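Structure data follow from entry.cif (mmCIF, C-alpha atoms):
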```
data_data
loop_
_atom_site.group_PDB
_atom_site.id
_atom_site.type_symbol
_atom_site.label_atom_id
_atom_site.label_comp_id
_atom_site.auth_asym_id
_atom_site.auth_seq_id
_atom_site.Cartn_x
_atom_site.Cartn_y
_atom_site.Cartn_z
ATOM 1 C CA MET A 1171 79.123 41.270 -0.139
ATOM 2 C CA VAL A 1172 81.756 43.056 -2.226
ATOM 3 C CA LYS A 1173 81.190 46.809 -2.664
ATOM 4 C CA GLU A 1174 82.338 49.315 -5.254
ATOM 5 C CA CYS A 1175 84.831 51.731 -3.708
ATOM 6 C CA PHE A 1176 84.081 55.480 -3.759
ATOM 7 C CA MET A 1177 86.209 57.550 -1.412
ATOM 8 C CA LYS A 1178 84.837 59.974 1.190
ATOM 9 C CA ILE A 1179 87.318 61.596 3.571
ATOM 10 C CA ASP A 1180 87.158 64.274 6.246
ATOM 11 C CA SER A 1181 89.231 67.440 6.582
ATOM 12 C CA GLU A 1182 92.100 65.449 8.129
ATOM 13 C CA GLY A 1183 92.240 62.884 5.352
ATOM 14 C CA ARG A 1184 90.603 60.193 7.498
ATOM 15 C CA GLU A 1185 88.234 57.999 5.523
ATOM 16 C CA LEU A 1186 84.603 58.507 6.551
ATOM 17 C CA VAL A 1187 83.324 55.120 5.402
ATOM 18 C CA SER A 1188 82.473 52.602 8.127
ATOM 19 C CA HIS A 1189 84.065 49.301 7.140
ATOM 20 C CA GLY A 1190 81.746 46.456 8.064
ATOM 21 C CA SER A 1191 79.859 46.713 11.357
ATOM 22 C CA PRO A 1192 80.777 46.973 15.068
ATOM 23 C CA SER A 1193 80.161 43.236 15.446
ATOM 24 C CA PHE A 1194 82.086 42.347 12.271
ATOM 25 C CA PRO A 1195 84.549 45.169 11.407
ATOM 26 C CA CYS A 1196 85.581 44.058 7.949
ATOM 27 C CA ALA A 1197 84.597 44.934 4.377
ATOM 28 C CA CYS A 1198 85.693 44.036 0.860
ATOM 29 C CA TYR A 1199 85.808 46.501 -2.037
ATOM 30 C CA HIS A 1200 86.271 46.278 -5.785
ATOM 31 C CA THR A 1201 88.065 49.115 -7.575
ATOM 32 C CA THR A 1202 88.941 49.602 -11.234
ATOM 33 C CA SER A 1203 90.850 52.229 -13.165
ATOM 34 C CA ARG A 1204 87.569 53.750 -14.390
ATOM 35 C CA GLN A 1205 87.185 55.246 -10.912
ATOM 36 C CA GLY A 1206 90.459 57.138 -11.259
ATOM 37 C CA ASP A 1207 93.144 57.476 -8.599
ATOM 38 C CA VAL A 1208 92.430 56.587 -4.985
ATOM 39 C CA PRO A 1209 93.543 59.794 -3.216
ATOM 40 C CA TRP A 1210 95.681 59.975 -0.095
ATOM 41 C CA HIS A 1211 93.696 58.932 2.967
ATOM 42 C CA TRP A 1212 94.112 56.970 6.177
ATOM 43 C CA HIS A 1213 92.094 54.866 8.613
ATOM 44 C CA GLN A 1214 92.668 52.862 11.776
ATOM 45 C CA GLU A 1215 91.992 49.557 10.027
ATOM 46 C CA PHE A 1216 94.524 47.307 8.303
ATOM 47 C CA GLU A 1217 94.145 47.115 4.527
ATOM 48 C CA VAL A 1218 95.236 44.439 2.069
ATOM 49 C CA ILE A 1219 94.997 44.970 -1.690
ATOM 50 C CA TYR A 1220 95.178 42.257 -4.352
ATOM 51 C CA ILE A 1221 95.729 43.158 -8.019
ATOM 52 C CA ASN A 1222 93.489 41.060 -10.289
ATOM 53 C CA SER A 1223 94.856 42.578 -13.488
ATOM 54 C CA GLY A 1224 96.804 45.531 -14.826
ATOM 55 C CA THR A 1225 99.339 47.812 -13.176
ATOM 56 C CA VAL A 1226 98.988 50.529 -10.536
ATOM 57 C CA ARG A 1227 101.324 52.557 -8.326
ATOM 58 C CA CYS A 1228 100.752 52.411 -4.566
ATOM 59 C CA SER A 1229 102.140 54.783 -1.941
ATOM 60 C CA ALA A 1230 102.022 53.971 1.788
ATOM 61 C CA GLY A 1231 103.729 56.543 3.977
ATOM 62 C CA ASP A 1232 107.221 56.924 2.538
ATOM 63 C CA ARG A 1233 107.082 53.621 0.621
ATOM 64 C CA ARG A 1234 106.462 53.375 -3.143
ATOM 65 C CA PHE A 1235 105.319 50.181 -4.848
ATOM 66 C CA LEU A 1236 104.597 49.249 -8.442
ATOM 67 C CA LEU A 1237 101.889 46.587 -8.259
ATOM 68 C CA GLN A 1238 101.185 44.202 -11.118
ATOM 69 C CA GLU A 1239 98.767 41.338 -11.687
ATOM 70 C CA GLY A 1240 99.053 38.799 -8.866
ATOM 71 C CA ASP A 1241 100.816 41.196 -6.466
ATOM 72 C CA ALA A 1242 99.377 42.332 -3.152
ATOM 73 C CA VAL A 1243 100.193 44.967 -0.565
ATOM 74 C CA PHE A 1244 99.649 45.253 3.193
ATOM 75 C CA ILE A 1245 98.990 48.732 4.628
ATOM 76 C CA ASN A 1246 99.357 49.246 8.358
ATOM 77 C CA SER A 1247 96.928 51.040 10.651
ATOM 78 C CA GLY A 1248 96.921 54.844 10.489
ATOM 79 C CA VAL A 1249 99.286 55.065 7.505
ATOM 80 C CA PRO A 1250 98.422 57.595 4.741
ATOM 81 C CA HIS A 1251 98.164 55.732 1.444
ATOM 82 C CA ALA A 1252 97.004 56.175 -2.150
ATOM 83 C CA LEU A 1253 96.744 54.436 -5.520
ATOM 84 C CA PHE A 1254 97.806 56.164 -8.730
ATOM 85 C CA GLN A 1255 97.111 55.019 -12.275
ATOM 86 C CA ARG A 1256 99.934 54.858 -14.746
ATOM 87 C CA LEU A 1257 99.157 56.748 -17.945
ATOM 88 C CA GLY A 1258 97.850 54.303 -20.551
ATOM 89 C CA ASN A 1259 97.464 51.448 -18.042
ATOM 90 C CA SER A 1260 94.300 50.053 -16.483
ATOM 91 C CA TYR A 1261 93.929 48.004 -13.318
ATOM 92 C CA ASP A 1262 91.392 45.933 -11.396
ATOM 93 C CA GLU A 1263 91.765 45.146 -7.693
ATOM 94 C CA HIS A 1264 90.018 43.861 -4.601
ATOM 95 C CA ASP A 1265 90.884 45.173 -1.178
ATOM 96 C CA ILE A 1266 89.882 44.098 2.303
ATOM 97 C CA VAL A 1267 89.755 46.680 5.081
ATOM 98 C CA PHE A 1268 89.506 45.192 8.567
ATOM 99 C CA HIS A 1269 89.971 46.357 12.124
ATOM 100 C CA PRO A 1270 92.726 44.436 13.941
ATOM 101 C CA ARG A 1271 90.268 43.489 16.701
ATOM 102 C CA LEU A 1272 88.672 41.072 14.241
ATOM 103 C CA VAL A 1273 91.853 39.038 14.766
ATOM 104 C CA TYR A 1274 92.866 39.816 18.363
ATOM 105 C CA GLY A 1275 89.381 39.759 19.911
ATOM 106 C CA GLU A 1276 89.955 42.011 22.906
ATOM 107 C CA VAL A 1277 92.710 44.157 24.369
ATOM 108 C CA GLY A 1278 94.780 42.143 26.834
ATOM 109 C CA SER A 1279 94.430 38.846 24.995
ATOM 110 C CA VAL A 1280 97.576 36.945 24.004
ATOM 111 C CA PHE A 1281 96.675 37.653 20.373
ATOM 112 C CA TYR A 1282 96.718 41.388 21.074
ATOM 113 C CA ASP A 1283 99.789 41.597 23.325
ATOM 114 C CA LYS A 1284 102.045 39.138 21.491
ATOM 115 C CA TYR A 1285 101.108 39.572 17.839
ATOM 116 C CA LEU A 1286 98.877 42.494 16.873
ATOM 117 C CA LEU A 1287 100.130 45.249 19.196
ATOM 118 C CA PRO A 1288 103.769 44.987 18.026
ATOM 119 C CA LEU A 1289 102.550 45.045 14.423
ATOM 120 C CA LEU A 1290 100.287 48.043 15.042
ATOM 121 C CA ARG A 1291 103.128 49.964 16.692
ATOM 122 C CA CYS A 1292 105.714 49.187 14.051
ATOM 123 C CA SER A 1293 106.430 52.472 12.281
ATOM 124 C CA ALA A 1294 109.138 50.648 10.299
ATOM 125 C CA LEU A 1295 106.392 48.738 8.478
ATOM 126 C CA PRO A 1296 103.971 51.305 6.991
ATOM 127 C CA GLY A 1297 103.359 49.094 3.975
ATOM 128 C CA LEU A 1298 104.667 45.874 2.472
ATOM 129 C CA LYS A 1299 104.521 44.680 -1.124
ATOM 130 C CA LEU A 1300 103.877 40.948 -1.532
ATOM 131 C CA SER A 1301 104.962 38.915 -4.563
ATOM 132 C CA SER A 1302 104.129 35.297 -5.403
ATOM 133 C CA GLU A 1303 107.777 34.822 -6.421
ATOM 134 C CA ILE A 1304 108.781 34.724 -2.726
ATOM 135 C CA PRO A 1305 107.463 31.562 -0.974
ATOM 136 C CA TRP A 1306 106.284 33.107 2.294
ATOM 137 C CA GLN A 1307 104.740 36.064 0.468
ATOM 138 C CA LYS A 1308 102.983 33.651 -1.890
ATOM 139 C CA GLU A 1309 101.393 32.003 1.152
ATOM 140 C CA ALA A 1310 100.307 35.414 2.468
ATOM 141 C CA ILE A 1311 98.734 36.215 -0.913
ATOM 142 C CA LEU A 1312 96.880 32.892 -0.846
ATOM 143 C CA GLN A 1313 95.330 33.902 2.480
ATOM 144 C CA ILE A 1314 94.269 37.250 0.982
ATOM 145 C CA ARG A 1315 92.683 35.497 -1.991
ATOM 146 C CA GLN A 1316 90.918 33.100 0.360
ATOM 147 C CA ALA A 1317 89.523 36.050 2.310
ATOM 148 C CA ILE A 1318 88.299 37.707 -0.902
ATOM 149 C CA SER A 1319 86.654 34.438 -1.967
ATOM 150 C CA CYS A 1320 84.789 34.361 1.349
ATOM 151 C CA PHE A 1321 83.204 37.715 0.476
ATOM 152 C CA LEU A 1322 82.483 36.762 -3.131
ATOM 153 C CA GLU A 1323 80.853 33.432 -2.286
ATOM 154 C CA GLU A 1324 79.314 34.184 1.151
ATOM 155 C CA GLN A 1325 78.895 30.516 1.947
ATOM 156 C CA GLU A 1326 77.812 29.149 5.320
ATOM 157 C CA LEU A 1327 80.310 29.986 8.083
ATOM 158 C CA PHE A 1328 81.992 32.555 5.832
ATOM 159 C CA GLU A 1329 82.698 34.859 8.803
ATOM 160 C CA LEU A 1330 84.728 32.136 10.523
ATOM 161 C CA SER A 1331 86.557 31.248 7.312
ATOM 162 C CA LEU A 1332 87.304 34.922 6.681
ATOM 163 C CA ARG A 1333 88.610 35.486 10.199
ATOM 164 C CA ASN A 1334 90.803 32.400 9.932
ATOM 165 C CA ALA A 1335 92.294 33.605 6.636
ATOM 166 C CA LEU A 1336 93.024 37.101 7.973
ATOM 167 C CA SER A 1337 94.461 35.679 11.214
ATOM 168 C CA SER A 1338 96.779 33.450 9.192
ATOM 169 C CA PHE A 1339 97.758 36.436 7.052
ATOM 170 C CA CYS A 1340 98.636 38.564 10.100
ATOM 171 C CA GLY A 1341 100.567 35.639 11.562
ATOM 172 C CA ILE A 1342 102.666 35.342 8.407
ATOM 173 C CA ILE A 1343 103.427 39.079 8.376
ATOM 174 C CA TRP A 1344 104.400 38.955 12.070
ATOM 175 C CA LYS A 1345 106.579 35.844 11.704
ATOM 176 C CA GLU A 1346 108.466 36.934 8.588
ATOM 177 C CA ASN A 1347 109.213 40.478 9.781
ATOM 178 C CA GLN A 1348 110.579 39.862 13.267
ATOM 179 C CA ASN A 1349 113.700 41.808 12.401
ATOM 180 C CA ILE A 1350 111.682 45.041 12.383
ATOM 181 C CA ILE A 1351 108.658 44.199 14.560
ATOM 182 C CA GLY A 1352 109.702 44.577 18.195
ATOM 183 C CA PRO A 1353 107.762 44.227 21.465
ATOM 184 C CA ALA A 1354 108.343 47.880 22.377
ATOM 185 C CA ALA A 1355 106.457 50.826 20.937
ATOM 186 C CA LEU A 1356 108.295 52.523 18.097
ATOM 187 C CA LYS A 1357 107.895 56.282 17.895
ATOM 188 C CA PRO A 1358 106.967 57.559 14.429
ATOM 189 C CA PRO A 1359 109.637 59.814 12.916
ATOM 190 C CA ALA A 1360 109.165 63.561 13.419
ATOM 191 C CA SER A 1361 108.919 64.045 9.658
ATOM 192 C CA MET A 1362 105.800 61.849 9.517
ATOM 193 C CA ASP A 1363 104.132 63.887 12.271
ATOM 194 C CA ARG A 1364 104.970 67.148 10.516
ATOM 195 C CA VAL A 1365 103.755 66.053 7.119
ATOM 196 C CA GLN A 1366 100.505 64.810 8.701
ATOM 197 C CA LYS A 1367 99.899 68.283 10.169
ATOM 198 C CA MET A 1368 100.492 69.872 6.781
ATOM 199 C CA LEU A 1369 98.267 67.326 5.024
ATOM 200 C CA ASP A 1370 95.503 67.962 7.552
ATOM 201 C CA TYR A 1371 95.640 71.669 6.728
ATOM 202 C CA PHE A 1372 95.704 71.107 2.987
ATOM 203 C CA HIS A 1373 92.800 68.629 3.056
ATOM 204 C CA ALA A 1374 90.733 71.199 4.953
ATOM 205 C CA HIS A 1375 91.575 74.028 2.524
ATOM 206 C CA TYR A 1376 92.398 72.401 -0.828
ATOM 207 C CA GLN A 1377 89.541 74.291 -2.504
ATOM 208 C CA ASP A 1378 91.386 77.566 -1.817
ATOM 209 C CA PRO A 1379 94.803 78.873 -2.920
ATOM 210 C CA ILE A 1380 97.465 77.680 -0.445
ATOM 211 C CA SER A 1381 100.953 79.164 -0.296
ATOM 212 C CA LEU A 1382 104.094 77.374 0.804
ATOM 213 C CA ASP A 1383 104.328 79.865 3.686
ATOM 214 C CA GLU A 1384 100.879 78.840 4.943
ATOM 215 C CA LEU A 1385 101.672 75.164 4.624
ATOM 216 C CA SER A 1386 105.049 75.245 6.374
ATOM 217 C CA ALA A 1387 103.574 77.326 9.213
ATOM 218 C CA GLN A 1388 101.319 74.399 10.163
ATOM 219 C CA ALA A 1389 104.396 72.409 11.216
ATOM 220 C CA ASN A 1390 106.440 75.399 12.431
ATOM 221 C CA ILE A 1391 109.149 74.825 9.839
ATOM 222 C CA CYS A 1392 110.706 76.851 7.030
ATOM 223 C CA LYS A 1393 109.704 76.523 3.382
ATOM 224 C CA ARG A 1394 112.856 74.607 2.470
ATOM 225 C CA GLU A 1395 112.244 72.054 5.242
ATOM 226 C CA CYS A 1396 108.622 71.769 4.126
ATOM 227 C CA GLN A 1397 109.730 70.875 0.612
ATOM 228 C CA ARG A 1398 112.338 68.420 1.914
ATOM 229 C CA ILE A 1399 109.854 66.597 4.157
ATOM 230 C CA PHE A 1400 107.232 66.307 1.419
ATOM 231 C CA LYS A 1401 109.830 64.861 -0.935
ATOM 232 C CA SER A 1402 111.243 62.402 1.610
ATOM 233 C CA VAL A 1403 107.913 61.168 3.019
ATOM 234 C CA LEU A 1404 105.559 61.363 0.031
ATOM 235 C CA GLY A 1405 108.030 61.384 -2.848
ATOM 236 C CA LEU A 1406 106.420 64.570 -4.182
ATOM 237 C CA THR A 1407 106.934 68.301 -3.914
ATOM 238 C CA PRO A 1408 104.065 70.191 -2.231
ATOM 239 C CA SER A 1409 102.877 71.524 -5.603
ATOM 240 C CA GLN A 1410 102.927 68.026 -7.123
ATOM 241 C CA TYR A 1411 100.921 66.695 -4.176
ATOM 242 C CA PHE A 1412 98.409 69.547 -4.467
ATOM 243 C CA GLU A 1413 97.965 68.806 -8.154
ATOM 244 C CA GLN A 1414 97.511 65.044 -7.701
ATOM 245 C CA TYR A 1415 95.075 65.430 -4.819
ATOM 246 C CA ARG A 1416 92.944 68.057 -6.542
ATOM 247 C CA LEU A 1417 92.792 65.959 -9.715
ATOM 248 C CA SER A 1418 91.732 62.932 -7.649
ATOM 249 C CA MET A 1419 88.956 64.983 -6.064
ATOM 250 C CA SER A 1420 87.858 66.157 -9.510
ATOM 251 C CA VAL A 1421 87.524 62.558 -10.698
ATOM 252 C CA SER A 1422 85.192 61.817 -7.772
ATOM 253 C CA LEU A 1423 83.004 64.793 -8.719
ATOM 254 C CA LEU A 1424 83.054 63.920 -12.427
ATOM 255 C CA LEU A 1425 81.890 60.381 -11.680
ATOM 256 C CA GLY A 1426 79.516 61.089 -8.811
ATOM 257 C CA THR A 1427 77.782 64.344 -9.754
ATOM 258 C CA ASP A 1428 76.407 66.201 -12.760
ATOM 259 C CA GLU A 1429 78.145 69.454 -11.816
ATOM 260 C CA SER A 1430 79.668 71.429 -14.663
ATOM 261 C CA ILE A 1431 83.369 71.340 -15.493
ATOM 262 C CA ILE A 1432 83.580 75.002 -14.457
ATOM 263 C CA ASP A 1433 82.060 74.291 -11.031
ATOM 264 C CA ILE A 1434 84.241 71.219 -10.477
ATOM 265 C CA SER A 1435 87.322 73.207 -11.418
ATOM 266 C CA GLY A 1436 86.517 75.843 -8.804
ATOM 267 C CA LYS A 1437 85.540 73.359 -6.098
ATOM 268 C CA CYS A 1438 88.839 71.516 -6.504
ATOM 269 C CA GLY A 1439 90.975 74.637 -6.192
ATOM 270 C CA PHE A 1440 92.159 75.119 -9.770
ATOM 271 C CA GLN A 1441 92.974 78.615 -11.028
ATOM 272 C CA SER A 1442 90.708 78.330 -14.068
ATOM 273 C CA PRO A 1443 88.744 75.699 -16.042
ATOM 274 C CA SER A 1444 91.321 75.841 -18.841
ATOM 275 C CA TYR A 1445 94.196 75.184 -16.416
ATOM 276 C CA PHE A 1446 92.200 72.330 -14.864
ATOM 277 C CA THR A 1447 91.579 70.804 -18.297
ATOM 278 C CA LYS A 1448 95.264 71.140 -19.207
ATOM 279 C CA LEU A 1449 96.438 69.330 -16.055
ATOM 280 C CA PHE A 1450 93.699 66.700 -16.316
ATOM 281 C CA ARG A 1451 94.637 65.892 -19.924
ATOM 282 C CA LYS A 1452 98.331 65.757 -18.984
ATOM 283 C CA ARG A 1453 97.684 63.232 -16.202
ATOM 284 C CA TYR A 1454 94.919 61.079 -17.694
ATOM 285 C CA GLY A 1455 95.413 61.592 -21.424
ATOM 286 C CA ILE A 1456 91.845 62.828 -21.903
ATOM 287 C CA THR A 1457 89.802 65.962 -21.166
ATOM 288 C CA PRO A 1458 87.461 66.023 -18.131
ATOM 289 C CA SER A 1459 84.340 66.129 -20.322
ATOM 290 C CA ARG A 1460 85.468 63.202 -22.465
ATOM 291 C CA PHE A 1461 86.478 61.274 -19.334
ATOM 292 C CA ARG A 1462 83.010 61.739 -17.849
ATOM 293 C CA ALA A 1463 81.276 60.753 -21.091
ATOM 294 C CA ALA A 1464 83.407 57.624 -21.450
ATOM 295 C CA GLN A 1465 83.138 56.465 -17.836
ATOM 296 C CA VAL A 1466 79.623 57.246 -16.633
ATOM 297 C CA PRO A 1467 76.417 57.334 -18.699
ATOM 298 C CA SER A 1468 74.606 60.623 -18.100
ATOM 299 C CA SER A 1469 71.468 58.766 -16.969
ATOM 300 C CA THR A 1470 73.319 57.484 -13.896
ATOM 301 C CA LEU A 1471 74.175 60.941 -12.595
ATOM 302 C CA SER A 1472 71.832 62.623 -10.169
#
```

Could you render the structure as C-alpha cells?
Amino acid sequence: MVKECFMKIDSEGRELVSHGSPSFPCACYHTTSRQGDVPWHWHQEFEVIYINSGTVRCSAGDRRFLLQEGDAVFINSGVPHALFQRLGNSYDEHDIVFHPRLVYGEVGSVFYDKYLLPLLRCSALPGLKLSSEIPWQKEAILQIRQAISCFLEEQELFELSLRNALSSFCGIIWKENQNIIGPAALKPPASMDRVQKMLDYFHAHYQDPISLDELSAQANICKRECQRIFKSVLGLTPSQYFEQYRLSMSVSLLLGTDESIIDISGKCGFQSPSYFTKLFRKRYGITPSRFRAAQVPSSTLS
C-alpha cells in the first residue's frame, strides 16, 4: 500500500514514522507539491525517491540536486535530507524507505559484510542523483520503478519481487561506486558532526528565538566557524536554514490543523504574524491563509 507522506520528527530531527513493520521494514510514500517542502530530517533507513513529474530541489548532507521528471535519488542511512519546491514549479514523487536488513538479512551474512556494510559506512556517498541518460543509472532507476510498482499493484509474491528489486538496486550502487565505497569504515567529517549537534539544538528549540551565540556554543565553536560550517554542509547560512525550517513546519500545521495563522506563527518561532506572512509569501508566492484555502478544504481539518 502506498501512503501519503506527512512528516513527524523528534527534537533531534529523526523521523518518528515507523517505515513498514519489524518483519518487513519497508514502506512506499506518495508526495506532491501541495504538501509543501519536506523539511530536513534523517532516519536509519535507506531512501530512494523517483520523480513522476515536475521539478524539485533535493539536499542530502552537503550534496545539492535538481531533480526533474524521470530522475531519482538515493539517500544513505543517517544522512540529513530535505526536499524544497522551486517557486512556480510543482512536483509529484514516490519514495521508498527501507531498512538495509531487508536486503542483507542478518548481521554477519555475506550480503552484510561484503555489500551493505561498506555502503552504510561510506560517508563519501551521502546521496546520489540518478539519471536515465547514464546506462547504469537507468538500470538502477528501472529497479526503483519496479519496486514502486510492487507497492502499487500488491500482486501475489509482491514482497519477494520488492526485495529482489531493492537488492538489485543496492547491488548496482555498490558495483558502480567502488572508487569511493571501501571495505574499511570511513569516519564522517568533523563538520558533519558539528552541524548535527547544532541542528539537534535548533530542532528542539525552533519555536523560540535562537541567537548565533547559542547555536555555535552547541558545537564549541565561534560564530564565524558556525556560519562557515552551515554554508559548507547545508549550503545555507544559519538564518536561511532557520527560515526554511520554520516555514516547512508552518506548512505542516496549515495542512494538518485548524489553528489560526497567529497561533501557527508563534508556534513556528516567527517574530510576528505579519513577518511570517511576508516570508511565507516570498517563498511560496501566496499568503498562508490563501495557501490553506487552496490546498485543504476546511471540512477536512479537525

* To do: For the structure provided, state which residues fall under the PyMOL selection byres ((chain A and resi 1360-1368) around 8), and present them as a ChimeraX atom specification.
  => /A:1231,1358-1359,1369-1372,1385-1386,1388-1389,1399-1400,1403

* Among listed residues A:Leu1253, A:Ile1351, A:Ile1245, A:Met1419, nearest Val1218 of chain A (using only C-alpha atoms) ->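 Ranking A:Leu1253, A:Ile1351, A:Ile1245, A:Met1419 by distance to Val1218 of chain A, first place goes to A:Ile1245.
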
* Which polymer residues have any atom within 12 Å of an atom of Lys1345 of chain A, counting only C-alpha atoms, with same-chain residues fewer than 6 positions away left out, as a list of chain:residue names? -> A:Lys1284, A:Tyr1285, A:Leu1286, A:Pro1288, A:Leu1289, A:Trp1306, A:Gln1307, A:Ala1310, A:Ser1338, A:Phe1339, A:Ile1351, A:Gly1352

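When you apply the PyMOL selection byres ((chain A and resi 1219) around 9) to this structure, what comes back is Glu1217, Val1218, Tyr1220, Ile1221, Asp1241, Ala1242, Val1243, Phe1244, Ile1245, Glu1263, His1264, Asp1265, Ile1266, Val1267 and Ile1314 of chain A.
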
Got time to write the residues from that selection, C-alpha atoms, as an mmCIF file, in the frame of the given file?
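Full text of result_35.cif as output:
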```cif
data_model
loop_
_atom_site.group_PDB
_atom_site.id
_atom_site.type_symbol
_atom_site.label_atom_id
_atom_site.label_comp_id
_atom_site.auth_asym_id
_atom_site.auth_seq_id
_atom_site.Cartn_x
_atom_site.Cartn_y
_atom_site.Cartn_z
ATOM 1 C CA GLU A 1217 94.145 47.115 4.527
ATOM 2 C CA VAL A 1218 95.236 44.439 2.069
ATOM 3 C CA TYR A 1220 95.178 42.257 -4.352
ATOM 4 C CA ILE A 1221 95.729 43.158 -8.019
ATOM 5 C CA ASP A 1241 100.816 41.196 -6.466
ATOM 6 C CA ALA A 1242 99.377 42.332 -3.152
ATOM 7 C CA VAL A 1243 100.193 44.967 -0.565
ATOM 8 C CA PHE A 1244 99.649 45.253 3.193
ATOM 9 C CA ILE A 1245 98.990 48.732 4.628
ATOM 10 C CA GLU A 1263 91.765 45.146 -7.693
ATOM 11 C CA HIS A 1264 90.018 43.861 -4.601
ATOM 12 C CA ASP A 1265 90.884 45.173 -1.178
ATOM 13 C CA ILE A 1266 89.882 44.098 2.303
ATOM 14 C CA VAL A 1267 89.755 46.680 5.081
ATOM 15 C CA ILE A 1314 94.269 37.250 0.982
#
```

* To do: Step by step, work through what the PyMOL selection byres ((chain A and resi 1315-1326) around 8) selects in the shown file, and finish by giving those residues as number ranges by chain.
  => A: 1171-1172, 1198, 1220, 1264-1266, 1311-1314, 1327-1329, 1331-1333, 1335-1336

Just need the box for segment 1251-1270 of chain A, edges along x, y and z, holding every atom the file lists for it with 4 Å tacked onto each side, so centre and edge lengths in Å to one decimal, as lines of an AutoDock Vina configuration file.
```
center_x = 94.7
center_y = 50.3
center_z = -3.3
size_x = 18.4
size_y = 20.9
size_z = 42.5
```

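Take the candidates A:Ile1343, A:Tyr1376, A:Arg1204, A:Arg1451 and check each one against Lys1308 of chain A using only C-alpha atoms; the shortest distance goes to A:Ile1343.
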
* Within 7 Å of Leu1236 of chain A using all atoms listed in the file, minus same-chain residues under 5 positions, as a PyMOL selection string -> chain A and resi 1226-1228

* Structure fact -> Shortest contact to Asn1259 of chain A, candidates A:Ile1431, A:Leu1295, A:Tyr1454, A:Ile1342, atoms counted only C-alpha atoms, goes to A:Tyr1454

* To do: Rounded to one decimal place, report the atom CA of Asp1433 of chain A-atom CA of His1213 of chain A distance in Å.
  =>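 Here the two named atoms are 29.4 Å from each other.
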
* To do: Have a look at A:His1269, A:Ser1279, A:Phe1235, A:Asn1222 and name the one nearest to Ser1193 of chain A; count all atoms listed in the file.
  =>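 Of the candidates, the smallest distance to Ser1193 of chain A is held by A:His1269.
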
Please provide as a PDB file with C-alpha atoms, in the frame of the given file all residues within 7 Å of His1251 of chain A, with the sequence filter that same-chain residues fewer than 4 positions apart are discarded (counting all atoms listed in the file).
```
ATOM      1  CA  TRP A1210      95.681  59.975  -0.095  1.00  0.00           C
ATOM      2  CA  HIS A1211      93.696  58.932   2.967  1.00  0.00           C
ATOM      3  CA  TRP A1212      94.112  56.970   6.177  1.00  0.00           C
ATOM      4  CA  SER A1229     102.140  54.783  -1.941  1.00  0.00           C
ATOM      5  CA  ALA A1230     102.022  53.971   1.788  1.00  0.00           C
ATOM      6  CA  GLY A1231     103.729  56.543   3.977  1.00  0.00           C
TER       7      GLY A1231
END
```

* **Among listed residues A:Cys1392, A:Ile1456, A:Val1421, A:Ile1432, nearest Gly1206 of chain A (using only C-alpha atoms)** =>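 Comparing A:Cys1392, A:Ile1456, A:Val1421, A:Ile1432 against Gly1206 of chain A, the winner is A:Val1421.
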
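The spacing separating atom CA of His1373 of chain A from atom CA of Phe1446 of chain A amounts to 18.3 Å.
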
* What is the atom CA of Tyr1415 of chain A-atom CA of Ile1380 of chain A distance in Å, reported with one decimal? ->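 Computing the Euclidean distance for atom CA of Tyr1415 of chain A and atom CA of Ile1380 of chain A yields 13.2 Å.
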